[in-house]
>>> print(open('target10.cif').read())   # mmCIF, N, CA, C and O atoms
data_data
loop_
_atom_site.label_atom_id
_atom_site.label_comp_id
_atom_site.auth_asym_id
_atom_site.auth_seq_id
_atom_site.Cartn_x
_atom_site.Cartn_y
_atom_site.Cartn_z
N MET A 12 -1.47 -169.29 -14.05
CA MET A 12 -2.34 -169.90 -13.08
C MET A 12 -1.69 -169.84 -11.69
O MET A 12 -2.35 -169.54 -10.71
N LEU A 13 -0.40 -170.09 -11.63
CA LEU A 13 0.29 -170.07 -10.33
C LEU A 13 0.40 -168.66 -9.78
O LEU A 13 0.38 -168.47 -8.56
N ALA A 14 0.49 -167.66 -10.65
CA ALA A 14 0.52 -166.28 -10.17
C ALA A 14 -0.80 -165.94 -9.50
O ALA A 14 -0.82 -165.30 -8.45
N ALA A 15 -1.92 -166.39 -10.08
CA ALA A 15 -3.23 -166.15 -9.47
C ALA A 15 -3.33 -166.88 -8.14
O ALA A 15 -3.88 -166.35 -7.17
N SER A 16 -2.77 -168.07 -8.06
CA SER A 16 -2.75 -168.81 -6.79
C SER A 16 -1.90 -168.08 -5.76
O SER A 16 -2.25 -168.05 -4.57
N ALA A 17 -0.81 -167.49 -6.19
CA ALA A 17 0.04 -166.73 -5.28
C ALA A 17 -0.69 -165.49 -4.77
O ALA A 17 -0.62 -165.16 -3.58
N VAL A 18 -1.42 -164.80 -5.65
CA VAL A 18 -2.22 -163.65 -5.24
C VAL A 18 -3.24 -164.09 -4.20
O VAL A 18 -3.40 -163.45 -3.16
N ASP A 19 -3.91 -165.19 -4.46
CA ASP A 19 -4.90 -165.73 -3.54
C ASP A 19 -4.28 -166.03 -2.18
O ASP A 19 -4.81 -165.64 -1.13
N ALA A 20 -3.13 -166.68 -2.18
CA ALA A 20 -2.45 -167.03 -0.93
C ALA A 20 -2.03 -165.79 -0.16
O ALA A 20 -2.14 -165.74 1.08
N MET A 21 -1.54 -164.76 -0.86
CA MET A 21 -1.11 -163.54 -0.18
C MET A 21 -2.30 -162.82 0.46
O MET A 21 -2.19 -162.32 1.58
N LEU A 22 -3.42 -162.77 -0.25
CA LEU A 22 -4.60 -162.13 0.33
C LEU A 22 -5.09 -162.90 1.55
O LEU A 22 -5.47 -162.30 2.55
N LYS A 23 -5.06 -164.22 1.47
CA LYS A 23 -5.45 -165.03 2.62
C LYS A 23 -4.51 -164.80 3.80
O LYS A 23 -4.95 -164.72 4.95
N ALA A 24 -3.22 -164.67 3.52
CA ALA A 24 -2.24 -164.42 4.59
C ALA A 24 -2.50 -163.08 5.27
O ALA A 24 -2.15 -162.91 6.44
N LYS A 25 -3.13 -162.16 4.56
CA LYS A 25 -3.45 -160.85 5.13
C LYS A 25 -4.87 -160.82 5.72
O LYS A 25 -5.37 -159.76 6.08
N GLY A 26 -5.51 -161.99 5.82
CA GLY A 26 -6.80 -162.08 6.48
C GLY A 26 -8.01 -162.05 5.57
O GLY A 26 -9.15 -162.10 6.05
N TYR A 27 -7.81 -161.97 4.28
CA TYR A 27 -8.93 -161.96 3.34
C TYR A 27 -9.17 -163.39 2.86
O TYR A 27 -8.57 -163.84 1.88
N LYS A 28 -10.04 -164.10 3.59
CA LYS A 28 -10.21 -165.53 3.36
C LYS A 28 -11.59 -165.91 2.85
O LYS A 28 -11.78 -167.01 2.36
N ASP A 29 -12.56 -165.03 2.97
CA ASP A 29 -13.95 -165.37 2.63
C ASP A 29 -14.24 -165.17 1.15
O ASP A 29 -13.69 -164.27 0.51
N GLY A 30 -15.13 -166.00 0.63
CA GLY A 30 -15.61 -165.83 -0.73
C GLY A 30 -14.63 -166.27 -1.79
O GLY A 30 -13.63 -166.94 -1.52
N SER A 31 -14.93 -165.86 -3.00
CA SER A 31 -14.10 -166.19 -4.16
C SER A 31 -12.90 -165.27 -4.23
O SER A 31 -12.81 -164.28 -3.50
N LEU A 32 -11.98 -165.59 -5.12
CA LEU A 32 -10.82 -164.72 -5.32
C LEU A 32 -11.30 -163.34 -5.77
O LEU A 32 -10.76 -162.32 -5.31
N TYR A 33 -12.31 -163.28 -6.61
CA TYR A 33 -12.88 -162.00 -7.02
C TYR A 33 -13.28 -161.18 -5.79
O TYR A 33 -12.93 -160.00 -5.68
N GLN A 34 -14.00 -161.81 -4.87
CA GLN A 34 -14.47 -161.11 -3.68
C GLN A 34 -13.32 -160.70 -2.77
O GLN A 34 -13.32 -159.61 -2.21
N ARG A 35 -12.31 -161.56 -2.65
CA ARG A 35 -11.17 -161.23 -1.80
C ARG A 35 -10.40 -160.02 -2.35
O ARG A 35 -9.95 -159.15 -1.60
N ILE A 36 -10.25 -159.96 -3.67
CA ILE A 36 -9.60 -158.81 -4.29
C ILE A 36 -10.41 -157.55 -4.02
O ILE A 36 -9.88 -156.51 -3.63
N LYS A 37 -11.72 -157.64 -4.23
CA LYS A 37 -12.61 -156.49 -3.98
C LYS A 37 -12.52 -156.06 -2.52
O LYS A 37 -12.41 -154.87 -2.22
N ASP A 38 -12.58 -157.01 -1.61
CA ASP A 38 -12.52 -156.69 -0.18
C ASP A 38 -11.18 -156.06 0.20
O ASP A 38 -11.14 -155.15 1.02
N ALA A 39 -10.10 -156.55 -0.40
CA ALA A 39 -8.77 -155.98 -0.12
C ALA A 39 -8.70 -154.53 -0.59
O ALA A 39 -8.10 -153.68 0.09
N ALA A 40 -9.32 -154.22 -1.71
CA ALA A 40 -9.36 -152.83 -2.19
C ALA A 40 -10.27 -151.99 -1.30
O ALA A 40 -9.90 -150.87 -0.90
N ASP A 41 -11.43 -152.53 -0.97
CA ASP A 41 -12.36 -151.79 -0.09
C ASP A 41 -11.75 -151.54 1.28
O ASP A 41 -12.01 -150.51 1.91
N GLY A 42 -10.91 -152.47 1.75
CA GLY A 42 -10.25 -152.33 3.04
C GLY A 42 -8.94 -151.57 2.95
O GLY A 42 -8.21 -151.47 3.93
N HIS A 43 -8.62 -151.04 1.78
CA HIS A 43 -7.42 -150.22 1.54
C HIS A 43 -6.11 -150.99 1.75
O HIS A 43 -5.08 -150.37 2.00
N LEU A 44 -6.18 -152.32 1.64
CA LEU A 44 -4.94 -153.10 1.65
C LEU A 44 -4.20 -152.88 0.33
O LEU A 44 -2.98 -152.79 0.29
N ILE A 45 -4.97 -152.80 -0.76
CA ILE A 45 -4.43 -152.51 -2.08
C ILE A 45 -5.21 -151.35 -2.69
O ILE A 45 -6.33 -151.07 -2.27
N THR A 46 -4.61 -150.69 -3.65
CA THR A 46 -5.29 -149.58 -4.33
C THR A 46 -6.29 -150.12 -5.34
O THR A 46 -6.26 -151.31 -5.70
N ASP A 47 -7.14 -149.25 -5.83
CA ASP A 47 -8.09 -149.66 -6.87
C ASP A 47 -7.35 -150.11 -8.13
O ASP A 47 -7.78 -151.06 -8.79
N ASP A 48 -6.26 -149.45 -8.46
CA ASP A 48 -5.48 -149.85 -9.64
C ASP A 48 -4.87 -151.24 -9.44
O ASP A 48 -4.84 -152.05 -10.36
N MET A 49 -4.39 -151.51 -8.22
CA MET A 49 -3.86 -152.85 -7.93
C MET A 49 -4.96 -153.89 -8.03
O MET A 49 -4.74 -154.99 -8.53
N ALA A 50 -6.16 -153.54 -7.59
CA ALA A 50 -7.29 -154.47 -7.69
C ALA A 50 -7.61 -154.76 -9.16
O ALA A 50 -7.86 -155.91 -9.53
N THR A 51 -7.58 -153.74 -9.98
CA THR A 51 -7.83 -153.93 -11.42
C THR A 51 -6.80 -154.88 -12.01
O THR A 51 -7.13 -155.80 -12.75
N TRP A 52 -5.54 -154.66 -11.66
CA TRP A 52 -4.46 -155.52 -12.14
C TRP A 52 -4.65 -156.94 -11.62
O TRP A 52 -4.49 -157.92 -12.34
N ALA A 53 -5.02 -157.07 -10.35
CA ALA A 53 -5.25 -158.40 -9.76
C ALA A 53 -6.38 -159.13 -10.48
O ALA A 53 -6.29 -160.34 -10.73
N HIS A 54 -7.43 -158.41 -10.84
CA HIS A 54 -8.53 -159.04 -11.57
C HIS A 54 -8.08 -159.50 -12.96
O HIS A 54 -8.52 -160.55 -13.44
N GLN A 55 -7.18 -158.75 -13.58
CA GLN A 55 -6.66 -159.18 -14.89
C GLN A 55 -5.88 -160.48 -14.75
O GLN A 55 -6.03 -161.39 -15.56
N VAL A 56 -5.08 -160.58 -13.70
CA VAL A 56 -4.32 -161.81 -13.45
C VAL A 56 -5.30 -162.95 -13.19
O VAL A 56 -5.15 -164.06 -13.71
N ARG A 57 -6.32 -162.69 -12.38
CA ARG A 57 -7.33 -163.70 -12.07
C ARG A 57 -8.02 -164.19 -13.34
O ARG A 57 -8.16 -165.40 -13.56
N LEU A 58 -8.43 -163.26 -14.19
CA LEU A 58 -9.12 -163.63 -15.42
C LEU A 58 -8.20 -164.37 -16.39
O LEU A 58 -8.63 -165.32 -17.05
N ASP A 59 -6.95 -163.95 -16.47
CA ASP A 59 -6.00 -164.63 -17.35
C ASP A 59 -5.80 -166.08 -16.93
O ASP A 59 -5.52 -166.94 -17.77
N ALA A 60 -5.94 -166.37 -15.65
CA ALA A 60 -5.72 -167.74 -15.15
C ALA A 60 -6.97 -168.60 -15.21
O ALA A 60 -6.89 -169.82 -15.06
N ASN A 61 -8.13 -168.00 -15.45
CA ASN A 61 -9.38 -168.77 -15.41
C ASN A 61 -9.41 -169.96 -16.35
O ASN A 61 -9.83 -171.05 -15.98
N ASP A 62 -8.98 -169.75 -17.59
CA ASP A 62 -9.04 -170.84 -18.57
C ASP A 62 -8.21 -172.04 -18.11
O ASP A 62 -8.66 -173.19 -18.21
N GLN A 63 -7.02 -171.80 -17.61
CA GLN A 63 -6.17 -172.90 -17.18
C GLN A 63 -6.69 -173.52 -15.89
O GLN A 63 -6.65 -174.73 -15.72
N ARG A 64 -7.21 -172.70 -14.97
CA ARG A 64 -7.72 -173.24 -13.70
C ARG A 64 -8.93 -174.11 -13.92
O ARG A 64 -9.16 -175.07 -13.19
N HIS A 65 -9.74 -173.77 -14.91
CA HIS A 65 -10.96 -174.52 -15.16
C HIS A 65 -10.80 -175.56 -16.26
O HIS A 65 -11.78 -176.15 -16.70
N ALA A 66 -9.56 -175.80 -16.67
CA ALA A 66 -9.22 -176.82 -17.66
C ALA A 66 -10.09 -176.72 -18.91
O ALA A 66 -10.61 -177.70 -19.41
N ASP A 67 -10.24 -175.50 -19.42
CA ASP A 67 -10.99 -175.27 -20.64
C ASP A 67 -10.14 -175.74 -21.81
O ASP A 67 -9.15 -175.10 -22.18
N GLU A 68 -10.53 -176.87 -22.41
CA GLU A 68 -9.73 -177.47 -23.48
C GLU A 68 -9.66 -176.61 -24.72
O GLU A 68 -8.74 -176.74 -25.52
N SER A 69 -10.62 -175.72 -24.91
CA SER A 69 -10.61 -174.88 -26.11
C SER A 69 -9.78 -173.61 -25.92
O SER A 69 -9.54 -172.88 -26.87
N ALA A 70 -9.34 -173.37 -24.72
CA ALA A 70 -8.58 -172.15 -24.44
C ALA A 70 -7.14 -172.28 -24.93
O ALA A 70 -6.54 -173.34 -24.89
N GLN A 71 -6.61 -171.16 -25.39
CA GLN A 71 -5.22 -171.14 -25.80
C GLN A 71 -4.34 -170.96 -24.57
O GLN A 71 -4.74 -170.38 -23.57
N PHE A 72 -3.12 -171.48 -24.65
CA PHE A 72 -2.18 -171.28 -23.57
C PHE A 72 -1.77 -169.81 -23.55
O PHE A 72 -1.73 -169.14 -24.58
N PRO A 73 -1.47 -169.30 -22.38
CA PRO A 73 -1.05 -167.89 -22.31
C PRO A 73 0.26 -167.69 -23.05
O PRO A 73 1.10 -168.58 -23.14
N THR A 74 0.43 -166.48 -23.56
CA THR A 74 1.68 -166.13 -24.23
C THR A 74 2.73 -165.85 -23.17
O THR A 74 2.42 -165.68 -21.98
N THR A 75 3.95 -165.76 -23.59
CA THR A 75 5.05 -165.41 -22.68
C THR A 75 4.79 -164.04 -22.07
O THR A 75 5.02 -163.84 -20.87
N GLU A 76 4.30 -163.10 -22.87
CA GLU A 76 4.02 -161.76 -22.37
C GLU A 76 2.92 -161.77 -21.31
O GLU A 76 3.02 -161.07 -20.30
N GLU A 77 1.86 -162.54 -21.54
CA GLU A 77 0.77 -162.64 -20.56
C GLU A 77 1.27 -163.26 -19.27
O GLU A 77 0.94 -162.79 -18.17
N ALA A 78 2.07 -164.29 -19.39
CA ALA A 78 2.62 -164.94 -18.20
C ALA A 78 3.53 -163.98 -17.44
O ALA A 78 3.49 -163.92 -16.20
N GLN A 79 4.33 -163.20 -18.16
CA GLN A 79 5.22 -162.23 -17.52
C GLN A 79 4.43 -161.16 -16.78
O GLN A 79 4.80 -160.76 -15.67
N ARG A 80 3.32 -160.69 -17.38
CA ARG A 80 2.49 -159.68 -16.71
C ARG A 80 1.92 -160.23 -15.40
O ARG A 80 1.88 -159.53 -14.39
N SER A 81 1.49 -161.48 -15.41
CA SER A 81 0.96 -162.10 -14.20
C SER A 81 2.04 -162.24 -13.13
O SER A 81 1.80 -161.96 -11.95
N LEU A 82 3.21 -162.66 -13.55
CA LEU A 82 4.33 -162.78 -12.61
C LEU A 82 4.73 -161.42 -12.06
O LEU A 82 4.97 -161.28 -10.86
N ASP A 83 4.75 -160.41 -12.93
CA ASP A 83 5.10 -159.06 -12.49
C ASP A 83 4.13 -158.58 -11.40
O ASP A 83 4.54 -157.97 -10.41
N PHE A 84 2.84 -158.86 -11.59
CA PHE A 84 1.88 -158.44 -10.57
C PHE A 84 2.10 -159.18 -9.26
O PHE A 84 2.08 -158.56 -8.19
N ALA A 85 2.27 -160.49 -9.33
CA ALA A 85 2.46 -161.27 -8.09
C ALA A 85 3.68 -160.77 -7.33
O ALA A 85 3.64 -160.63 -6.10
N LEU A 86 4.75 -160.46 -8.04
CA LEU A 86 5.95 -159.93 -7.38
C LEU A 86 5.71 -158.54 -6.80
O LEU A 86 6.15 -158.24 -5.69
N ALA A 87 4.99 -157.68 -7.52
CA ALA A 87 4.68 -156.34 -7.02
C ALA A 87 3.81 -156.43 -5.77
O ALA A 87 4.03 -155.71 -4.79
N LEU A 88 2.82 -157.32 -5.79
CA LEU A 88 1.94 -157.48 -4.64
C LEU A 88 2.72 -157.98 -3.43
O LEU A 88 2.54 -157.48 -2.32
N ALA A 89 3.61 -158.94 -3.64
CA ALA A 89 4.44 -159.44 -2.54
C ALA A 89 5.31 -158.33 -1.97
O ALA A 89 5.47 -158.21 -0.75
N GLU A 90 5.84 -157.50 -2.84
CA GLU A 90 6.67 -156.37 -2.39
C GLU A 90 5.85 -155.43 -1.51
O GLU A 90 6.29 -155.02 -0.43
N ILE A 91 4.64 -155.10 -1.97
CA ILE A 91 3.79 -154.14 -1.25
C ILE A 91 3.27 -154.72 0.07
O ILE A 91 3.26 -154.03 1.10
N LEU A 92 2.84 -155.97 0.04
CA LEU A 92 2.22 -156.55 1.23
C LEU A 92 3.19 -157.06 2.28
O LEU A 92 2.87 -157.08 3.47
N PHE A 93 4.39 -157.49 1.84
CA PHE A 93 5.29 -158.16 2.78
C PHE A 93 6.67 -157.53 2.87
O PHE A 93 7.19 -157.30 3.96
N VAL A 94 7.29 -157.26 1.73
CA VAL A 94 8.68 -156.80 1.73
C VAL A 94 8.79 -155.37 2.27
O VAL A 94 9.58 -155.11 3.19
N LEU A 95 8.02 -154.45 1.72
CA LEU A 95 8.12 -153.06 2.17
C LEU A 95 7.74 -152.89 3.64
O LEU A 95 8.46 -152.19 4.37
N PRO A 96 6.65 -153.50 4.11
CA PRO A 96 6.36 -153.38 5.55
C PRO A 96 7.48 -153.93 6.43
O PRO A 96 7.80 -153.34 7.48
N ALA A 97 8.11 -155.01 6.01
CA ALA A 97 9.22 -155.56 6.79
C ALA A 97 10.41 -154.60 6.79
O ALA A 97 11.07 -154.43 7.82
N ARG A 98 10.66 -153.95 5.66
CA ARG A 98 11.75 -152.97 5.61
C ARG A 98 11.47 -151.78 6.50
O ARG A 98 12.37 -151.26 7.18
N VAL A 99 10.23 -151.32 6.53
CA VAL A 99 9.86 -150.20 7.39
C VAL A 99 10.04 -150.59 8.85
O VAL A 99 10.62 -149.84 9.65
N THR A 100 9.56 -151.77 9.22
CA THR A 100 9.70 -152.25 10.59
C THR A 100 11.18 -152.33 10.98
O THR A 100 11.57 -151.87 12.05
N ARG A 101 11.98 -152.89 10.11
CA ARG A 101 13.43 -153.01 10.38
C ARG A 101 14.06 -151.61 10.49
O ARG A 101 14.86 -151.36 11.38
N GLY A 102 13.67 -150.71 9.62
CA GLY A 102 14.20 -149.35 9.66
C GLY A 102 13.83 -148.64 10.96
O GLY A 102 14.66 -147.94 11.55
N LEU A 103 12.60 -148.83 11.40
CA LEU A 103 12.17 -148.22 12.67
C LEU A 103 12.96 -148.79 13.84
O LEU A 103 13.39 -148.05 14.73
N GLN A 104 13.16 -150.09 13.84
CA GLN A 104 13.90 -150.74 14.93
C GLN A 104 15.35 -150.26 14.94
O GLN A 104 15.90 -150.00 16.01
N GLU A 105 15.94 -150.11 13.77
CA GLU A 105 17.34 -149.67 13.69
C GLU A 105 17.48 -148.20 14.10
O GLU A 105 18.52 -147.81 14.64
N SER A 106 16.46 -147.40 13.85
CA SER A 106 16.56 -145.98 14.19
C SER A 106 16.44 -145.74 15.69
O SER A 106 16.90 -144.72 16.18
N VAL A 107 15.86 -146.69 16.40
CA VAL A 107 15.73 -146.57 17.86
C VAL A 107 17.02 -146.97 18.53
O VAL A 107 17.38 -146.46 19.58
N ASN A 108 17.72 -147.89 17.94
CA ASN A 108 18.97 -148.40 18.56
C ASN A 108 20.13 -147.53 18.28
O ASN A 108 20.54 -146.78 17.71
#
>>> encode(input="target10.cif", output="structure tokens")
Amino acid sequence: MLAASAVDAMLKAKGYKDGSLYQRIKDAADGHLITDDMATWAHQVRLDANDQRHADESAQFPTTEEAQRSLDFALALAEILFVLPARVTRGLQESVN
């Protein structure tokens, strides 16, 4: 559930604030912020978190493997959206000096 919240927060930080998380993921892919494959992975994380977010009492808790997959995606998205661009910016600045 927290990985889906992290995905949501990262998309909002990049300006994708309107609509549901589903729509923000779709808009991020349509705007080429993320690839279609990343969007598919993001939707899987979103769907995996739905039961816990909506407090569905009949839902089973996620397995360790499911939780790890969600965490892996959130970390990959953070790397793509924030870490790599910062490294490129730093590399460009260092190459000028």
>>> closest_residue(input="target10.cif", among="A:Val94, A:Ala60, A:Leu86, A:Leu44", to="Met12 (chain A)", atoms="all atoms listed in the file")
A:Ala60
>>> resolve_selection(input="target10.cif", expression="the PyMOL selection byres (((chain A and resi 25 and name CA) around 12) and name CA)", output="count of residues only")
24
>>> select_by_dssp(input="target10.cif", residues="chain A", states="helix (DSSP H, G or I)", output="PyMOL selection string")
chain A and resi 13-24+32-41+47-64+75-107
>>> closest_residue(input="target10.cif", among="A:Asn108, A:Ser16, A:Ser31, A:Ser81", to="Trp52 (chain A)", atoms="only N, CA, C and O atoms")
A:Ser81
>>> atom_distance(input="target10.cif", atom1="atom N of Glu68 (chain A)", atom2="CA of Gln55 (chain A)")
19.6 Å
>>> axis_aligned_box(input="target10.cif", around="region 85-96 of chain A", padding_each_side="4 Å", output="JSON")
{"center_x": 5.8, "center_y": -156.7, "center_z": -0.9, "size_x": 15.6, "size_y": 17.1, "size_z": 24.8}
>>> atom_distance(input="target10.cif", atom1="atom C of Thr46 (chain A)", atom2="atom C of Pro73 (chain A)")
25.8 Å
>>> closest_residue(input="target10.cif", among="A:Ala17, A:Arg101, A:Tyr33, A:Leu95", to="His54 (chain A)", atoms="only N, CA, C and O atoms")
A:Tyr33
>>> atom_distance(input="target10.cif", atom1="atom C of Val56 (chain A)", atom2="CA of Thr74 (chain A)")
13.4 Å
>>> residues_around(input="target10.cif", residues="Asp47 (chain A)", least_positions_apart="6", cutoff="9 Å", atoms="only C-alpha atoms", output="ChimeraX atom specification")
/A:37,40-41
>>> write_last_selection(input="target10.cif", atoms="N, CA, C and O atoms", output="compact mmCIF listing (two decimals), in the coordinates of the input")
# COMPACT_ATOMS: atom_id res chain seq x y z
N LYS A 37 -11.72 -157.64 -4.23
CA LYS A 37 -12.61 -156.49 -3.98
C LYS A 37 -12.52 -156.06 -2.52
O LYS A 37 -12.41 -154.87 -2.22
N ALA A 40 -9.32 -154.22 -1.71
CA ALA A 40 -9.36 -152.83 -2.19
C ALA A 40 -10.27 -151.99 -1.30
O ALA A 40 -9.90 -150.87 -0.90
N ASP A 41 -11.43 -152.53 -0.97
CA ASP A 41 -12.36 -151.79 -0.09
C ASP A 41 -11.75 -151.54 1.28
O ASP A 41 -12.01 -150.51 1.91
>>> closest_residue(input="target10.cif", among="A:Val99, A:Ala70, A:Leu32, A:Ala78", to="Arg57 (chain A)", atoms="only N, CA, C and O atoms")
A:Leu32
